[in-house]
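Below is input.txt, holding compact mmCIF, C-alpha atoms and all ligand atoms.
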```
# COMPACT_ATOMS: atom_id res chain seq x y z
CA MET A 1455 -148.34 106.99 -37.49
CA GLU A 1456 -146.72 104.54 -39.87
CA LYS A 1457 -147.30 100.89 -38.94
CA ILE A 1458 -145.06 99.87 -36.05
CA SER A 1459 -143.58 96.40 -36.57
CA PRO A 1460 -143.01 94.00 -33.69
CA ASN A 1461 -139.34 93.93 -34.70
CA ARG A 1462 -137.07 96.02 -36.94
CA LEU A 1463 -133.87 94.25 -37.96
CA ASP A 1464 -132.86 97.14 -40.22
CA ARG A 1465 -132.52 99.43 -37.21
CA GLY A 1466 -130.06 97.01 -35.64
CA PHE A 1467 -128.00 97.07 -38.83
CA TYR A 1468 -127.93 100.83 -39.32
CA LYS A 1469 -126.86 101.37 -35.71
CA TYR A 1470 -123.41 99.99 -36.58
CA GLN A 1471 -123.61 100.14 -40.37
CA GLU A 1472 -120.01 101.20 -40.98
CA GLU A 1473 -118.56 98.48 -38.79
CA PHE A 1474 -120.74 95.75 -40.32
CA GLU A 1475 -119.93 96.85 -43.86
CA ALA A 1476 -116.20 97.06 -43.15
CA LYS A 1477 -116.21 93.56 -41.64
CA ALA A 1478 -118.20 92.13 -44.55
CA LEU A 1479 -115.70 93.55 -47.03
CA GLU A 1480 -112.81 92.27 -44.94
CA VAL A 1481 -114.22 88.73 -45.00
CA LEU A 1482 -115.07 88.89 -48.71
CA ARG A 1483 -111.56 90.02 -49.53
CA SER A 1484 -109.86 87.51 -47.26
CA GLY A 1485 -110.36 84.57 -49.60
CA TRP A 1486 -111.21 82.32 -46.63
CA TYR A 1487 -114.90 81.58 -45.98
CA ILE A 1488 -115.34 78.48 -43.81
CA LEU A 1489 -113.71 77.66 -40.45
CA GLY A 1490 -111.09 80.36 -40.30
CA ASN A 1491 -109.92 83.12 -38.00
CA GLU A 1492 -113.29 84.85 -37.68
CA VAL A 1493 -114.94 81.68 -36.36
CA LYS A 1494 -112.01 80.96 -34.06
CA SER A 1495 -112.04 84.51 -32.68
CA PHE A 1496 -115.81 84.55 -32.30
CA GLU A 1497 -115.71 81.26 -30.40
CA GLU A 1498 -113.13 82.67 -27.99
CA GLU A 1499 -114.96 85.97 -27.54
CA PHE A 1500 -118.34 84.35 -27.05
CA ALA A 1501 -117.02 81.79 -24.55
CA ASN A 1502 -115.48 84.69 -22.68
CA TYR A 1503 -118.73 86.69 -22.82
CA VAL A 1504 -120.72 83.79 -21.39
CA GLY A 1505 -118.04 82.74 -18.92
CA SER A 1506 -117.62 79.28 -20.35
CA LYS A 1507 -114.43 77.39 -21.17
CA HIS A 1508 -115.34 76.37 -24.72
CA CYS A 1509 -117.58 77.56 -27.53
CA VAL A 1510 -118.14 75.75 -30.82
CA GLY A 1511 -119.81 77.68 -33.63
CA LEU A 1512 -122.56 75.88 -35.53
CA ALA A 1513 -124.97 76.59 -38.38
CA SER A 1514 -128.11 77.19 -36.29
CA GLY A 1515 -129.72 76.99 -32.88
CA LEU A 1516 -131.59 73.84 -33.83
CA ASP A 1517 -128.28 72.21 -34.77
CA ALA A 1518 -126.87 73.24 -31.39
CA LEU A 1519 -129.77 71.48 -29.67
CA TRP A 1520 -129.82 68.21 -31.57
CA ILE A 1521 -126.06 67.91 -31.72
CA ALA A 1522 -125.95 68.51 -27.94
CA PHE A 1523 -128.21 65.52 -27.29
CA ARG A 1524 -126.38 63.47 -29.92
CA VAL A 1525 -122.95 63.91 -28.31
CA LEU A 1526 -124.46 63.21 -24.88
CA GLY A 1527 -125.64 59.88 -26.29
CA ILE A 1528 -129.33 60.58 -25.70
CA GLY A 1529 -131.64 58.90 -28.21
CA LYS A 1530 -134.20 56.17 -28.74
CA GLY A 1531 -135.84 54.98 -25.54
CA ASP A 1532 -134.63 57.99 -23.55
CA GLU A 1533 -136.81 60.73 -22.11
CA VAL A 1534 -135.97 64.42 -21.85
CA ILE A 1535 -138.02 66.79 -19.67
CA VAL A 1536 -138.77 70.13 -21.33
CA GLN A 1537 -141.28 72.90 -20.72
CA GLY A 1538 -144.46 72.73 -22.78
CA ASN A 1539 -144.51 76.40 -23.77
CA THR A 1540 -141.40 76.63 -25.89
CA TYR A 1541 -140.50 77.20 -29.50
CA ILE A 1542 -140.85 73.88 -31.31
CA ALA A 1543 -137.11 73.77 -32.12
CA SER A 1544 -136.39 72.89 -28.46
CA VAL A 1545 -138.54 69.79 -28.85
CA MET A 1546 -137.15 68.90 -32.27
CA GLY A 1547 -133.65 68.95 -30.78
CA ILE A 1548 -134.84 66.02 -28.65
CA THR A 1549 -136.94 64.11 -31.19
CA ILE A 1550 -134.46 64.33 -34.09
CA ASN A 1551 -132.38 61.95 -31.99
CA GLY A 1552 -135.31 59.59 -31.47
CA ALA A 1553 -135.69 60.54 -27.80
CA THR A 1554 -139.07 61.33 -26.25
CA PRO A 1555 -139.98 64.78 -24.92
CA VAL A 1556 -141.77 64.80 -21.56
CA PHE A 1557 -143.55 68.11 -21.17
CA CYS A 1558 -143.55 70.09 -17.95
CA GLU A 1559 -145.89 72.99 -17.23
CA PRO A 1560 -144.38 76.49 -16.97
CA ASP A 1561 -144.26 78.79 -13.94
CA GLU A 1562 -145.54 82.37 -13.77
CA TYR A 1563 -142.31 83.61 -15.37
CA PHE A 1564 -142.94 81.53 -18.54
CA ASN A 1565 -140.08 79.17 -17.64
CA ILE A 1566 -140.15 75.51 -16.61
CA ASP A 1567 -141.88 75.09 -13.24
CA ALA A 1568 -139.03 73.61 -11.20
CA ASP A 1569 -141.47 72.29 -8.58
CA LYS A 1570 -143.13 70.06 -11.19
CA ILE A 1571 -140.00 68.43 -12.62
CA GLU A 1572 -139.39 65.65 -10.10
CA SER A 1573 -142.82 64.06 -10.53
CA LEU A 1574 -142.03 63.59 -14.23
CA ILE A 1575 -138.78 61.68 -13.71
CA THR A 1576 -138.89 57.99 -14.68
CA GLU A 1577 -136.26 55.29 -15.21
CA LYS A 1578 -135.99 56.47 -18.80
CA THR A 1579 -135.30 60.12 -17.98
CA LYS A 1580 -131.82 61.10 -19.15
CA ALA A 1581 -131.88 64.89 -19.23
CA ILE A 1582 -133.65 68.15 -18.48
CA LEU A 1583 -133.77 70.77 -21.23
CA VAL A 1584 -134.22 74.22 -19.70
CA VAL A 1585 -135.42 77.02 -21.98
CA HIS A 1586 -134.76 80.54 -20.71
CA LEU A 1587 -137.80 81.78 -22.57
CA TYR A 1588 -138.19 85.40 -23.70
CA GLY A 1589 -134.77 86.26 -22.20
CA GLN A 1590 -135.31 85.56 -18.50
CA ALA A 1591 -133.17 83.05 -16.60
CA SER A 1592 -135.00 80.01 -15.19
CA ASN A 1593 -134.96 78.94 -11.54
CA MET A 1594 -131.49 77.40 -11.82
CA ASP A 1595 -130.79 76.73 -8.13
CA LYS A 1596 -133.61 74.22 -7.96
CA ILE A 1597 -133.10 72.77 -11.42
CA VAL A 1598 -129.37 72.16 -10.94
CA ALA A 1599 -130.11 70.47 -7.60
CA ILE A 1600 -132.72 68.17 -9.20
CA ALA A 1601 -130.39 67.24 -12.06
CA LYS A 1602 -127.61 66.41 -9.57
CA LYS A 1603 -129.86 64.43 -7.25
CA HIS A 1604 -131.21 62.25 -10.07
CA ASN A 1605 -127.98 62.09 -12.04
CA LEU A 1606 -129.51 63.71 -15.12
CA ARG A 1607 -127.83 65.66 -17.88
CA LEU A 1608 -128.72 69.33 -18.00
CA VAL A 1609 -128.93 71.15 -21.34
CA GLU A 1610 -129.88 74.80 -21.63
CA ASP A 1611 -131.68 76.32 -24.62
CA CYS A 1612 -130.29 79.85 -24.54
CA ALA A 1613 -131.57 80.87 -27.97
CA GLN A 1614 -133.38 83.77 -26.29
CA SER A 1615 -131.12 84.44 -23.31
CA HIS A 1616 -127.67 85.66 -24.44
CA GLY A 1617 -126.12 87.20 -21.35
CA ALA A 1618 -129.07 86.59 -19.00
CA LYS A 1619 -127.96 85.53 -15.53
CA PHE A 1620 -129.23 83.70 -12.47
CA ASN A 1621 -127.56 84.75 -9.23
CA GLY A 1622 -124.77 86.34 -11.26
CA LYS A 1623 -124.01 83.26 -13.37
CA ALA A 1624 -124.79 83.31 -17.09
CA THR A 1625 -127.38 81.05 -18.67
CA GLY A 1626 -125.64 78.35 -20.66
CA THR A 1627 -123.07 77.66 -17.93
CA PHE A 1628 -125.22 75.75 -15.42
CA GLY A 1629 -125.43 72.40 -17.14
CA ASP A 1630 -123.46 70.16 -19.48
CA ILE A 1631 -124.14 72.20 -22.60
CA GLY A 1632 -125.59 75.62 -23.39
CA CYS A 1633 -127.20 75.95 -26.83
CA PHE A 1634 -127.39 79.31 -28.58
CA SER A 1635 -129.05 80.58 -31.72
CA PHE A 1636 -127.93 83.70 -33.55
CA TYR A 1637 -130.93 83.83 -35.84
CA PRO A 1638 -131.25 87.47 -36.99
CA SER A 1639 -134.04 88.40 -34.55
CA LYS A 1640 -132.29 87.06 -31.42
CA ASN A 1641 -130.62 89.47 -29.01
CA LEU A 1642 -127.25 88.55 -30.53
CA GLY A 1643 -128.34 88.17 -34.14
CA ALA A 1644 -126.38 87.30 -37.27
CA PHE A 1645 -127.33 88.23 -40.85
CA GLY A 1646 -128.39 84.70 -41.68
CA ASP A 1647 -128.51 81.43 -39.74
CA ALA A 1648 -125.95 80.75 -37.02
CA GLY A 1649 -125.67 79.01 -33.66
CA ALA A 1650 -123.20 77.67 -31.10
CA ILE A 1651 -122.80 75.48 -28.07
CA VAL A 1652 -120.84 76.39 -24.96
CA THR A 1653 -119.48 73.93 -22.42
CA ASP A 1654 -116.81 73.59 -19.76
CA ASP A 1655 -116.15 69.97 -20.74
CA PRO A 1656 -113.26 69.68 -23.22
CA LYS A 1657 -114.45 66.23 -24.38
CA ILE A 1658 -117.92 67.57 -25.26
CA ALA A 1659 -116.39 70.57 -27.04
CA ASP A 1660 -114.12 68.28 -29.03
CA ASP A 1661 -116.95 65.89 -29.92
CA VAL A 1662 -119.11 68.76 -31.19
CA ARG A 1663 -116.20 70.27 -33.12
CA VAL A 1664 -115.65 66.97 -34.89
CA PHE A 1665 -119.35 66.27 -35.36
CA ARG A 1666 -120.07 69.63 -37.04
CA ASN A 1667 -117.53 68.86 -39.76
CA TYR A 1668 -118.61 65.43 -41.05
CA GLY A 1669 -117.13 63.76 -38.01
CA SER A 1670 -113.70 64.64 -39.24
CA GLU A 1671 -110.85 65.80 -37.08
CA LYS A 1672 -108.25 65.60 -39.76
CA ARG A 1673 -109.31 66.25 -43.33
CA TYR A 1674 -110.71 63.11 -44.99
CA TYR A 1675 -110.32 61.00 -41.82
CA ASN A 1676 -113.77 60.53 -40.34
CA ARG A 1677 -114.12 59.47 -36.73
CA VAL A 1678 -117.92 59.36 -36.60
CA VAL A 1679 -120.87 59.92 -38.93
CA GLY A 1680 -121.31 63.61 -38.36
CA THR A 1681 -123.04 66.42 -40.18
CA ASN A 1682 -122.26 69.69 -41.86
CA SER A 1683 -123.09 72.41 -39.36
CA ARG A 1684 -120.31 74.94 -39.65
CA LEU A 1685 -120.64 78.56 -38.67
CA ASP A 1686 -119.29 80.49 -41.64
CA GLU A 1687 -116.68 83.25 -41.61
CA MET A 1688 -119.09 85.96 -42.75
CA GLN A 1689 -121.60 85.31 -39.97
CA ALA A 1690 -118.84 84.89 -37.38
CA GLY A 1691 -117.25 88.19 -38.40
CA LEU A 1692 -120.54 90.08 -38.29
CA LEU A 1693 -121.41 88.45 -34.95
CA ARG A 1694 -118.10 89.70 -33.53
CA VAL A 1695 -119.09 93.24 -34.44
CA ARG A 1696 -122.48 92.90 -32.72
CA LEU A 1697 -120.98 91.09 -29.72
CA SER A 1698 -118.62 94.01 -29.14
CA HIS A 1699 -121.72 96.21 -28.58
CA MET A 1700 -123.78 93.77 -26.50
CA GLN A 1701 -123.74 95.79 -23.30
CA GLU A 1702 -125.08 98.85 -25.07
CA LEU A 1703 -127.71 96.82 -26.93
CA GLU A 1704 -128.80 95.11 -23.73
CA ASP A 1705 -128.98 98.39 -21.80
CA GLU A 1706 -131.09 99.96 -24.53
CA LYS A 1707 -133.61 97.10 -24.47
CA ARG A 1708 -133.71 97.10 -20.67
CA ALA A 1709 -134.53 100.82 -20.64
CA LEU A 1710 -137.31 100.29 -23.18
CA CYS A 1711 -138.80 97.50 -21.06
CA GLU A 1712 -138.54 99.43 -17.82
CA LYS A 1713 -140.57 102.15 -19.49
CA TYR A 1714 -143.15 99.61 -20.66
CA LEU A 1715 -143.38 98.20 -17.13
CA LYS A 1716 -143.82 101.65 -15.65
CA GLU A 1717 -146.22 103.17 -18.15
CA ILE A 1718 -148.52 100.39 -19.34
CA ASN A 1719 -151.32 100.56 -16.81
CA ASN A 1720 -154.35 98.96 -18.40
CA PRO A 1721 -156.03 96.53 -15.94
CA LEU A 1722 -156.92 94.26 -18.88
CA ILE A 1723 -153.21 93.72 -19.55
CA GLU A 1724 -150.91 91.64 -17.34
CA LEU A 1725 -147.27 92.69 -17.44
CA PRO A 1726 -144.31 90.26 -17.32
CA LYS A 1727 -142.81 89.47 -13.90
CA ILE A 1728 -139.16 89.25 -13.00
CA ARG A 1729 -137.89 86.35 -10.91
CA GLU A 1730 -135.84 87.11 -7.82
CA GLY A 1731 -132.19 86.46 -8.57
CA ALA A 1732 -132.77 86.36 -12.33
CA THR A 1733 -131.86 88.92 -14.92
CA HIS A 1734 -133.99 89.42 -17.99
CA ILE A 1735 -132.36 90.42 -21.25
CA TRP A 1736 -135.75 91.05 -22.85
CA HIS A 1737 -135.64 89.04 -26.01
CA GLN A 1738 -139.39 89.70 -26.04
CA PHE A 1739 -141.71 91.83 -23.94
CA VAL A 1740 -144.62 89.45 -23.41
CA ILE A 1741 -147.91 90.61 -21.95
CA LYS A 1742 -150.96 88.50 -21.13
CA CYS A 1743 -154.54 89.43 -21.94
CA GLU A 1744 -157.73 87.38 -21.53
CA SER A 1745 -159.16 88.93 -24.71
CA ARG A 1746 -155.85 88.58 -26.54
CA ASP A 1747 -157.22 88.01 -30.05
CA LYS A 1748 -159.48 91.03 -29.76
CA LEU A 1749 -156.49 93.06 -28.54
CA ILE A 1750 -154.49 91.99 -31.61
CA ASP A 1751 -157.28 93.18 -33.94
CA TYR A 1752 -157.57 96.47 -32.07
CA LEU A 1753 -153.79 97.03 -32.20
CA ASN A 1754 -153.71 96.16 -35.90
CA GLU A 1755 -156.37 98.75 -36.59
CA LYS A 1756 -154.22 101.28 -34.75
CA ASN A 1757 -151.13 100.27 -36.74
CA VAL A 1758 -149.34 98.44 -33.94
CA GLY A 1759 -147.97 95.05 -35.02
CA THR A 1760 -147.59 92.17 -32.57
CA ILE A 1761 -146.57 88.49 -32.59
CA ILE A 1762 -147.71 85.51 -30.54
CA HIS A 1763 -144.84 83.47 -29.10
CA TYR A 1764 -146.29 80.83 -29.57
CA PRO A 1765 -149.87 80.21 -30.72
CA ILE A 1766 -149.67 76.40 -30.86
CA PRO A 1767 -147.76 74.59 -28.12
CA PRO A 1768 -145.54 71.77 -29.47
CA HIS A 1769 -147.68 69.04 -27.86
CA LEU A 1770 -150.68 70.19 -29.94
CA SER A 1771 -148.72 70.73 -33.13
CA GLU A 1772 -149.50 68.47 -36.10
CA ALA A 1773 -145.83 67.47 -36.16
CA TYR A 1774 -146.23 65.87 -32.72
CA ALA A 1775 -149.67 64.31 -33.19
CA TYR A 1776 -147.90 60.94 -32.83
CA LEU A 1777 -147.22 61.70 -29.17
CA GLY A 1778 -150.97 61.48 -28.63
CA PHE A 1779 -151.67 64.63 -26.61
CA LYS A 1780 -155.00 66.43 -26.73
CA GLU A 1781 -156.32 69.86 -25.87
CA GLY A 1782 -156.37 69.87 -22.08
CA SER A 1783 -153.21 67.76 -21.66
CA TYR A 1784 -151.26 70.78 -20.36
CA PRO A 1785 -153.72 73.48 -19.23
CA ILE A 1786 -151.19 76.13 -18.15
CA THR A 1787 -149.15 75.78 -21.34
CA GLU A 1788 -152.36 75.98 -23.38
CA LYS A 1789 -153.64 78.97 -21.46
CA TYR A 1790 -150.40 80.84 -22.19
CA ALA A 1791 -150.74 79.99 -25.89
CA LYS A 1792 -154.17 81.65 -25.83
CA THR A 1793 -153.27 84.76 -23.81
CA VAL A 1794 -149.64 85.79 -24.47
CA LEU A 1795 -148.68 88.58 -26.84
CA SER A 1796 -145.29 90.10 -27.73
CA ILE A 1797 -145.46 93.85 -28.31
CA PRO A 1798 -142.99 95.90 -30.40
CA LEU A 1799 -139.47 95.74 -28.98
CA TYR A 1800 -136.19 96.28 -30.80
CA ASN A 1801 -132.93 98.13 -30.65
CA GLY A 1802 -133.49 101.47 -32.32
CA GLU A 1803 -137.16 101.73 -31.21
CA THR A 1804 -137.84 105.46 -30.98
CA LYS A 1805 -139.46 107.29 -28.07
CA GLU A 1806 -142.25 108.35 -30.42
CA GLU A 1807 -142.93 104.74 -31.43
CA GLN A 1808 -142.86 103.47 -27.89
CA ASP A 1809 -145.06 106.25 -26.54
CA TYR A 1810 -147.60 105.47 -29.24
CA VAL A 1811 -147.59 101.74 -28.37
CA ILE A 1812 -148.07 102.55 -24.67
CA LYS A 1813 -150.87 105.05 -25.29
CA THR A 1814 -152.65 102.64 -27.64
CA LEU A 1815 -152.42 99.76 -25.15
CA ASN A 1816 -153.68 101.97 -22.32
CA GLU A 1817 -156.70 103.02 -24.38
CA TYR A 1818 -157.80 99.40 -25.02
CA LYS A 1819 -161.25 98.89 -23.55
CA GLY A 1820 -161.68 95.16 -24.14
C1 LIG B 1901 -134.84 80.54 -32.18
C2 LIG B 1901 -134.95 79.42 -31.24
C3 LIG B 1901 -134.41 78.16 -31.50
C4 LIG B 1901 -133.87 77.76 -32.83
O1 LIG B 1901 -132.85 78.53 -33.35
P1 LIG B 1901 -132.57 78.54 -34.91
O2 LIG B 1901 -131.26 79.24 -35.01
O3 LIG B 1901 -133.69 79.27 -35.57
O4 LIG B 1901 -132.48 77.12 -35.38
C5 LIG B 1901 -134.46 77.20 -30.50
N1 LIG B 1901 -135.04 77.43 -29.32
C6 LIG B 1901 -135.60 78.62 -29.03
C7 LIG B 1901 -136.22 78.83 -27.68
C8 LIG B 1901 -135.60 79.65 -29.99
O5 LIG B 1901 -136.17 80.82 -29.69
```
Output the file's structure as structure tokens, nothing else.
Ligand SMILES: *Cc1c(COP(=O)(O)O)cnc(C)c1O
Amino acid sequence: MEKISPNRLDRGFYKYQEEFEAKALEVLRSGWYILGNEVKSFEEEFANYVGSKHCVGLASGLDALWIAFRVLGIGKGDEVIVQGNTYIASVMGITINGATPVFCEPDEYFNIDADKIESLITEKTKAILVVHLYGQASNMDKIVAIAKKHNLRLVEDCAQSHGAKFNGKATGTFGDIGCFSFYPSKNLGAFGDAGAIVTDDPKIADDVRVFRNYGSEKRYYNRVVGTNSRLDEMQAGLLRVRLSHMQELEDEKRALCEKYLKEINNPLIELPKIREGATHIWHQFVIKCESRDKLIDYLNEKNVGTIIHYPIPPHLSEAYAYLGFKEGSYPITEKYAKTVLSIPLYNGETKEEQDYVIKTLNEYKG
């Protein structure tokens, strides 16, 4: 068996090769490359897909996050509660603005533990940043209630949760702003960097629209000091092609994961759990294993590639040494960093590949 990669972006391209190539040529030949009809159409289609009133295309998921906090006026002296076990970009979205991240331990579904949020709220707390990690919706009933009760802003990091729902409502629509990434490996992936925010608030949408383009509403008239974070026509066009196939792509991944859940039966491996009321769009299939590092070596030897999402939690990262946390500050977060493992999962994964991954995992003896 040829080495099986944890992800295969080429498969996702070849699935709709003709459509992608036709769209790329159309954009190239249009003579219009920044903020045109493709971006406008994508914004409308994506807002519609999520069930949100407005979408503003941006250059990346990180931009979506930091610009979200910027337009909400959250910065120096403010605290934002975020789960400890997230990709570091969630935290950078907070700290780029000078605000302080306050880490919360995760629950058994790898999302923020809603029961631990209230004890972290101080006079400085301005917002909760929810990350729907690995593609599963967080416990939004409780989180929305806490945000309301304490008059906090609610921002959702949906970089991994395009189309995931909680009680029938899509992630990204529960709070003030939903932040999306379309990095190539995400469930809705571009062919380069791309991101967006969604919101129901026309003022927020307008502020982000102005901010992404140097703070300018009208060319050469600058309302605020903004940035350059424009989604380009090529990425928007290609995203429209992929978005038109989202249901099929999602169904394919769900079927793959249902098979994993049914057929992986090694007692040394803990399978992911699904929260009641939540849907999982399976950005990653994340298992837990006490002897994780040994499992990685074993799988490597057998030609099965894996990735750890994520080996170093943000609070222990060198970048955040200034926050002063140590090993032991967040035991659950740290335990996850030592035991989680993402196994191969991608659109276009063949039955042969998946059967081999399952058989190899089931033969692991520790
Ligand atoms: C990918 C990701 C981001 C950042 O998105 P980029 O487009 O790479 O900037 C933010 N948060 C989470 C949870 C992510 O997975």
Show which residues sit within 9 Å of A:Leu1777, as a ChimeraX atom specification. Count only C-alpha atoms, and ignore same-chain residues fewer than 3 positions away. /A:1554-1555,1769,1774
Within 8 Å of ligand LIG 1901 (chain B): each chain A residue with its shortest pair, all atoms listed in the file, as CSV:
```
residue,atom,partner,partner_atom,distance
A:Ala1513,CA,B:LIG1901,O2,7.6
A:Ser1514,CA,B:LIG1901,O2,4.0
A:Gly1515,CA,B:LIG1901,O2,3.5
A:Leu1516,CA,B:LIG1901,O4,3.7
A:Asp1517,CA,B:LIG1901,O4,6.5
A:Ala1518,CA,B:LIG1901,O4,7.9
A:Leu1519,CA,B:LIG1901,C5,7.4
A:Thr1540,CA,B:LIG1901,C7,5.9
A:Tyr1541,CA,B:LIG1901,C7,4.9
A:Ile1542,CA,B:LIG1901,N1,7.1
A:Ala1543,CA,B:LIG1901,C5,4.6
A:Ser1544,CA,B:LIG1901,N1,4.8
A:Val1585,CA,B:LIG1901,C7,6.0
A:His1586,CA,B:LIG1901,C7,7.3
A:Leu1587,CA,B:LIG1901,C7,6.1
A:Tyr1588,CA,B:LIG1901,O5,7.8
A:Asp1611,CA,B:LIG1901,N1,5.9
A:Cys1612,CA,B:LIG1901,C7,6.8
A:Ala1613,CA,B:LIG1901,C8,4.7
A:Gln1614,CA,B:LIG1901,O5,5.3
A:Phe1634,CA,B:LIG1901,O1,7.3
A:Ser1635,CA,B:LIG1901,O2,4.2
A:Phe1636,CA,B:LIG1901,O2,5.8
A:Tyr1637,CA,B:LIG1901,O2,4.7
A:Lys1640,CA,B:LIG1901,C1,7.0
A:Asp1647,CA,B:LIG1901,O2,5.9
A:Ala1648,CA,B:LIG1901,O2,5.9
A:Gly1649,CA,B:LIG1901,O2,5.8
```
Report, in Å to a single decimal, how far apart atom CA of A:Phe1665 and atom CA of A:Val1534 are. 21.5 Å
Can you tell me, as a list of chain:residue names, which residues sit within 9 Å of (-137.5, 97.6, -33.8) in the file's frame, using all atoms listed in the file? A:Ile1458, A:Ser1459, A:Pro1460, A:Asn1461, A:Arg1462, A:Leu1463, A:Asp1464, A:Arg1465, A:Gly1466, A:Pro1798, A:Leu1799, A:Tyr1800, A:Asn1801, A:Gly1802, A:Glu1803, A:Thr1804
Selected residue of minimal separation from A:Val1504 among A:Tyr1790, A:Tyr1674, A:Tyr1776, A:Phe1628, counting all atoms listed in the file: A:Phe1628
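Using only C-alpha atoms, the residues found no farther than 12 Å from A:Ile1658, other than those of its own chain fewer than 6 positions away, are Lys1507, His1508, Cys1509, Val1510, Ile1521, Ala1522, Phe1523, Arg1524, Val1525, Leu1526, Gly1527, Asp1630, Ile1631, Gly1632, Ile1651, Val1652, Val1664 and Phe1665 of chain A.
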Excluding A:Ile1750 and residues on its chain fewer than 5 positions from it, collect all residues at most 12 Å away from it, counting all atoms listed in the file, and give them as a PyMOL selection string. chain A and resi 1460+1741-1745+1755-1762+1792-1797+1814-1815+1818+1820
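Take the candidates A:Ile1812, A:Leu1479, A:Leu1574, A:Ala1618 and check each one against A:Gly1589 using only C-alpha atoms; the shortest distance goes to A:Ala1618.
With atom CA of A:Gln1689 on one side and atom CA of A:Leu1703 on the other, the separation reads 18.4 Å.
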Provide stretch 1574-1585 of chain A rebuilt to N, CA, C and O atoms, formatted as a short mmCIF file (atom, residue, chain, number, x, y, z; two decimals), in the coordinates of the input.
```
data_model
loop_
_atom_site.label_atom_id
_atom_site.label_comp_id
_atom_site.auth_asym_id
_atom_site.auth_seq_id
_atom_site.Cartn_x
_atom_site.Cartn_y
_atom_site.Cartn_z
N LEU A 1574 -142.06 64.08 -12.84
CA LEU A 1574 -142.03 63.59 -14.23
C LEU A 1574 -140.87 62.64 -14.49
O LEU A 1574 -140.76 62.05 -15.56
N ILE A 1575 -139.98 62.51 -13.52
CA ILE A 1575 -138.78 61.68 -13.71
C ILE A 1575 -139.13 60.19 -13.65
O ILE A 1575 -139.83 59.75 -12.73
N THR A 1576 -138.68 59.45 -14.65
CA THR A 1576 -138.89 57.99 -14.68
C THR A 1576 -137.51 57.32 -14.85
O THR A 1576 -136.50 58.01 -14.93
N GLU A 1577 -137.54 56.00 -14.98
CA GLU A 1577 -136.26 55.29 -15.21
C GLU A 1577 -135.64 55.66 -16.55
O GLU A 1577 -134.45 55.48 -16.76
N LYS A 1578 -136.49 56.14 -17.45
CA LYS A 1578 -135.99 56.47 -18.80
C LYS A 1578 -135.46 57.89 -18.90
O LYS A 1578 -134.85 58.26 -19.92
N THR A 1579 -135.71 58.72 -17.89
CA THR A 1579 -135.30 60.12 -17.98
C THR A 1579 -133.78 60.23 -18.01
O THR A 1579 -133.09 59.69 -17.15
N LYS A 1580 -133.27 60.95 -19.02
CA LYS A 1580 -131.82 61.10 -19.15
C LYS A 1580 -131.38 62.55 -18.98
O LYS A 1580 -130.23 62.81 -18.66
N ALA A 1581 -132.30 63.48 -19.25
CA ALA A 1581 -131.88 64.89 -19.23
C ALA A 1581 -133.05 65.83 -18.98
O ALA A 1581 -134.21 65.46 -19.17
N ILE A 1582 -132.69 67.04 -18.55
CA ILE A 1582 -133.65 68.15 -18.48
C ILE A 1582 -133.16 69.19 -19.49
O ILE A 1582 -131.97 69.51 -19.53
N LEU A 1583 -134.09 69.68 -20.32
CA LEU A 1583 -133.77 70.77 -21.23
C LEU A 1583 -134.47 72.02 -20.70
O LEU A 1583 -135.70 72.09 -20.69
N VAL A 1584 -133.69 72.97 -20.24
CA VAL A 1584 -134.22 74.22 -19.70
C VAL A 1584 -134.23 75.26 -20.81
O VAL A 1584 -133.23 75.44 -21.49
N VAL A 1585 -135.34 75.95 -20.98
CA VAL A 1585 -135.42 77.02 -21.98
C VAL A 1585 -135.60 78.35 -21.24
O VAL A 1585 -136.58 78.53 -20.53
#
```
